[in-house]
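A short worksheet on the structure shown next.
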Amino acid sequence: MLEEGIPHSESIPWMMRNLPDLGWYNGVVAIDGIRHPAADESMEELFPSSILVFCDCPEKEIIRRVCKRDGVTEKEAKKFLGNQAEEDHREYFLRKADFIITPATDLKEVVKQIGLLLKSNGNSLVIGIAGRMGAGKSTFANTLVEYLS
């Protein structure tokens, strides 16, 4: 877990130093939790050929998913979602993302394209994953792991 007070621009270097289980999985390291533009910029600086995947979803669908998954009321879900930094930086992520995942996205097709990038990049790739809770980050990550297995 990231320590309190670590600036967003230092989050990726901090993870590389302090999370021993952050490792490569068949040539890929996926960093789920790019929550601020400075973290994305830090990732790009450390790994110039990295890619950014942004999971975007309509607010109503996110609330439905969170209520179902966490067993909370709509009011509780809205309160929690209102505290997420990703929404404040949504336009940045939409502009910067190499891939944008929505509920209508064919995940297998995106993962195939990422596989091609992996091959063209010498079989190593760093992927930053951004998006609000409930927007599909876990589903994307699971599809990626299935593809790489």
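Chain labels run A, B, ... following the order of the structure tokens; each chain numbers its residues from 1, and ligands are numbered from 1 in the order shown.
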For range 72-110 of chain A against range 135-142 of chain A, with a cut-off of 12 Å and counting only C-alpha atoms, what is the closest atom pair and its distance in Å to one decimal for every residue that makes the cut, ordered by chain and number, as a tab-separated table?
residue	atom	partner	partner_atom	distance
A:Leu81	CA	A:Ala135	CA	11.0
A:Glu86	CA	A:Ala135	CA	10.8
A:Glu87	CA	A:Ala135	CA	11.2
A:Phe99	CA	A:Phe140	CA	11.2
A:Ile100	CA	A:Phe140	CA	10.7
A:Ile101	CA	A:Gly136	CA	7.7
A:Thr102	CA	A:Ala135	CA	7.7
A:Pro103	CA	A:Gly136	CA	7.7
A:Ala104	CA	A:Gly136	CA	11.0
A:Thr105	CA	A:Phe140	CA	10.1
A:Asp106	CA	A:Phe140	CA	10.1
A:Leu107	CA	A:Phe140	CA	6.6
A:Lys108	CA	A:Phe140	CA	9.0
A:Glu109	CA	A:Phe140	CA	11.2
A:Val110	CA	A:Phe140	CA	9.2
If you keep N, CA and C atoms, can you produce a file of those selected residues as a CSV table (one decimal), in the first residue's frame?
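Generated file (again12.csv):
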chain,number,residue,atom,x,y,z
A,81,LEU,N,-17.9,6.9,-4.3
A,81,LEU,CA,-17.4,7.2,-5.7
A,81,LEU,C,-17.0,8.7,-5.8
A,86,GLU,N,-9.9,9.8,-9.7
A,86,GLU,CA,-9.9,9.5,-11.1
A,86,GLU,C,-10.9,10.4,-11.8
A,87,GLU,N,-12.1,10.7,-11.2
A,87,GLU,CA,-13.1,11.5,-11.8
A,87,GLU,C,-12.6,12.9,-12.1
A,99,PHE,N,-5.5,3.0,-24.8
A,99,PHE,CA,-6.7,2.2,-25.0
A,99,PHE,C,-7.8,2.7,-24.0
A,100,ILE,N,-9.0,2.9,-24.5
A,100,ILE,CA,-10.1,3.2,-23.6
A,100,ILE,C,-11.1,2.1,-23.6
A,101,ILE,N,-11.3,1.6,-22.4
A,101,ILE,CA,-12.2,0.4,-22.2
A,101,ILE,C,-13.6,1.0,-21.7
A,102,THR,N,-14.6,0.6,-22.4
A,102,THR,CA,-16.0,0.9,-22.0
A,102,THR,C,-16.8,-0.3,-21.9
A,103,PRO,N,-18.0,-0.3,-21.4
A,103,PRO,CA,-18.8,-1.5,-21.4
A,103,PRO,C,-19.0,-2.2,-22.8
A,104,ALA,N,-18.9,-1.4,-23.8
A,104,ALA,CA,-19.1,-1.9,-25.2
A,104,ALA,C,-17.9,-2.4,-25.8
A,105,THR,N,-16.7,-2.3,-25.2
A,105,THR,CA,-15.4,-2.7,-25.7
A,105,THR,C,-15.3,-4.2,-25.8
A,106,ASP,N,-14.8,-4.7,-26.9
A,106,ASP,CA,-14.4,-6.1,-27.0
A,106,ASP,C,-13.1,-6.3,-26.4
A,107,LEU,N,-13.1,-6.7,-25.1
A,107,LEU,CA,-11.8,-6.9,-24.4
A,107,LEU,C,-10.8,-7.8,-25.0
A,108,LYS,N,-11.3,-8.9,-25.6
A,108,LYS,CA,-10.4,-9.8,-26.2
A,108,LYS,C,-9.7,-9.2,-27.4
A,109,GLU,N,-10.3,-8.3,-28.1
A,109,GLU,CA,-9.7,-7.6,-29.2
A,109,GLU,C,-8.6,-6.6,-28.7
A,110,VAL,N,-8.9,-5.9,-27.6
A,110,VAL,CA,-7.9,-4.9,-27.1
A,110,VAL,C,-6.7,-5.7,-26.5
Which residues in range 69-117 of chain A does DSSP call helix (DSSP H, G or I)? List them as a PDB file with C-alpha atoms, in the first residue's frame.
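Output (out-v4.pdb):
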ATOM      1  CA  ARG A  69     -20.468  -6.169  -5.787  1.00  0.00           C
ATOM      2  CA  ASP A  70     -20.171  -4.550  -2.342  1.00  0.00           C
ATOM      3  CA  GLU A  74     -26.949   3.592  -3.992  1.00  0.00           C
ATOM      4  CA  LYS A  75     -26.366   6.474  -1.563  1.00  0.00           C
ATOM      5  CA  GLU A  76     -23.330   4.736  -0.024  1.00  0.00           C
ATOM      6  CA  ALA A  77     -21.899   3.949  -3.453  1.00  0.00           C
ATOM      7  CA  LYS A  78     -22.313   7.561  -4.597  1.00  0.00           C
ATOM      8  CA  LYS A  79     -20.608   8.836  -1.459  1.00  0.00           C
ATOM      9  CA  PHE A  80     -17.644   6.526  -1.919  1.00  0.00           C
ATOM     10  CA  LEU A  81     -17.369   7.201  -5.651  1.00  0.00           C
ATOM     11  CA  ALA A  85      -9.477  11.231  -7.723  1.00  0.00           C
ATOM     12  CA  GLU A  86      -9.897   9.511 -11.094  1.00  0.00           C
ATOM     13  CA  GLU A  87     -13.079  11.458 -11.840  1.00  0.00           C
ATOM     14  CA  ASP A  88     -11.231  14.746 -11.338  1.00  0.00           C
ATOM     15  CA  ARG A  90     -11.066  11.880 -16.379  1.00  0.00           C
ATOM     16  CA  GLU A  91     -10.443  14.273 -19.286  1.00  0.00           C
ATOM     17  CA  TYR A  92      -6.678  13.833 -18.921  1.00  0.00           C
ATOM     18  CA  PHE A  93      -6.996  10.035 -19.001  1.00  0.00           C
ATOM     19  CA  LEU A  94      -9.374  10.119 -21.972  1.00  0.00           C
ATOM     20  CA  ARG A  95      -6.880  12.277 -23.857  1.00  0.00           C
ATOM     21  CA  LYS A  96      -3.744  10.321 -22.887  1.00  0.00           C
ATOM     22  CA  LEU A 107     -11.812  -6.853 -24.351  1.00  0.00           C
ATOM     23  CA  LYS A 108     -10.386  -9.811 -26.249  1.00  0.00           C
ATOM     24  CA  GLU A 109      -9.670  -7.556 -29.233  1.00  0.00           C
ATOM     25  CA  VAL A 110      -7.924  -4.949 -27.052  1.00  0.00           C
ATOM     26  CA  VAL A 111      -5.877  -7.649 -25.338  1.00  0.00           C
ATOM     27  CA  LYS A 112      -4.884  -9.038 -28.774  1.00  0.00           C
ATOM     28  CA  GLN A 113      -3.678  -5.566 -29.785  1.00  0.00           C
ATOM     29  CA  ILE A 114      -1.710  -5.322 -26.544  1.00  0.00           C
ATOM     30  CA  GLY A 115      -0.222  -8.738 -27.347  1.00  0.00           C
ATOM     31  CA  LEU A 116       1.016  -7.348 -30.672  1.00  0.00           C
ATOM     32  CA  LEU A 117       2.551  -4.384 -28.851  1.00  0.00           C
TER      33      LEU A 117
END
Checklist line | Residue among A:Ile34, A:Pro48, A:Ala97, A:Val53 lying closest to Leu144 in chain A, counting only C-alpha atoms | finding: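 So, comparing all the options, the nearest one is A:Val53.
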Next item on the list: Determine the nearest neighbour of Glu61 in chain A from the options A:His89, A:Arg132, A:Asn26, A:Glu146, counting only C-alpha atoms.
Entry: A:Arg132
Next item on the list: Between A:Met133, A:Leu118, A:Val145, A:Val126, single out the one closest to Leu52 in chain A, counting only C-alpha atoms.
Entry: A:Val126
Tell me which protein, DNA and RNA residues are within 8 Å of Ser50 in chain A, counting only C-alpha atoms, leaving out same-chain ones fewer than 5 positions away, and put them as a PDB file with C-alpha atoms, in the first residue's frame.
ATOM      1  CA  MET A  43       5.452   5.859 -15.382  1.00  0.00           C
ATOM      2  CA  GLU A  44       6.207   7.313 -18.837  1.00  0.00           C
ATOM      3  CA  LEU A 125       5.634  -4.078 -21.617  1.00  0.00           C
ATOM      4  CA  VAL A 126       4.501  -1.907 -18.729  1.00  0.00           C
ATOM      5  CA  ILE A 127       0.768  -1.206 -18.640  1.00  0.00           C
ATOM      6  CA  GLY A 128      -0.768   1.453 -16.425  1.00  0.00           C
TER       7      GLY A 128
END
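Each of A:Phe47, A:Ile129, A:Gly134, A:Ser120 was checked against Val66 in chain A using only C-alpha atoms; the smallest atom-to-atom distance is that of A:Gly134.
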Note to self: Between CA of Gly33 in chain A and CA of Gly131 in chain A, what is the distance in Å, rounded to a tenth?
What the structure shows: 7.6 Å
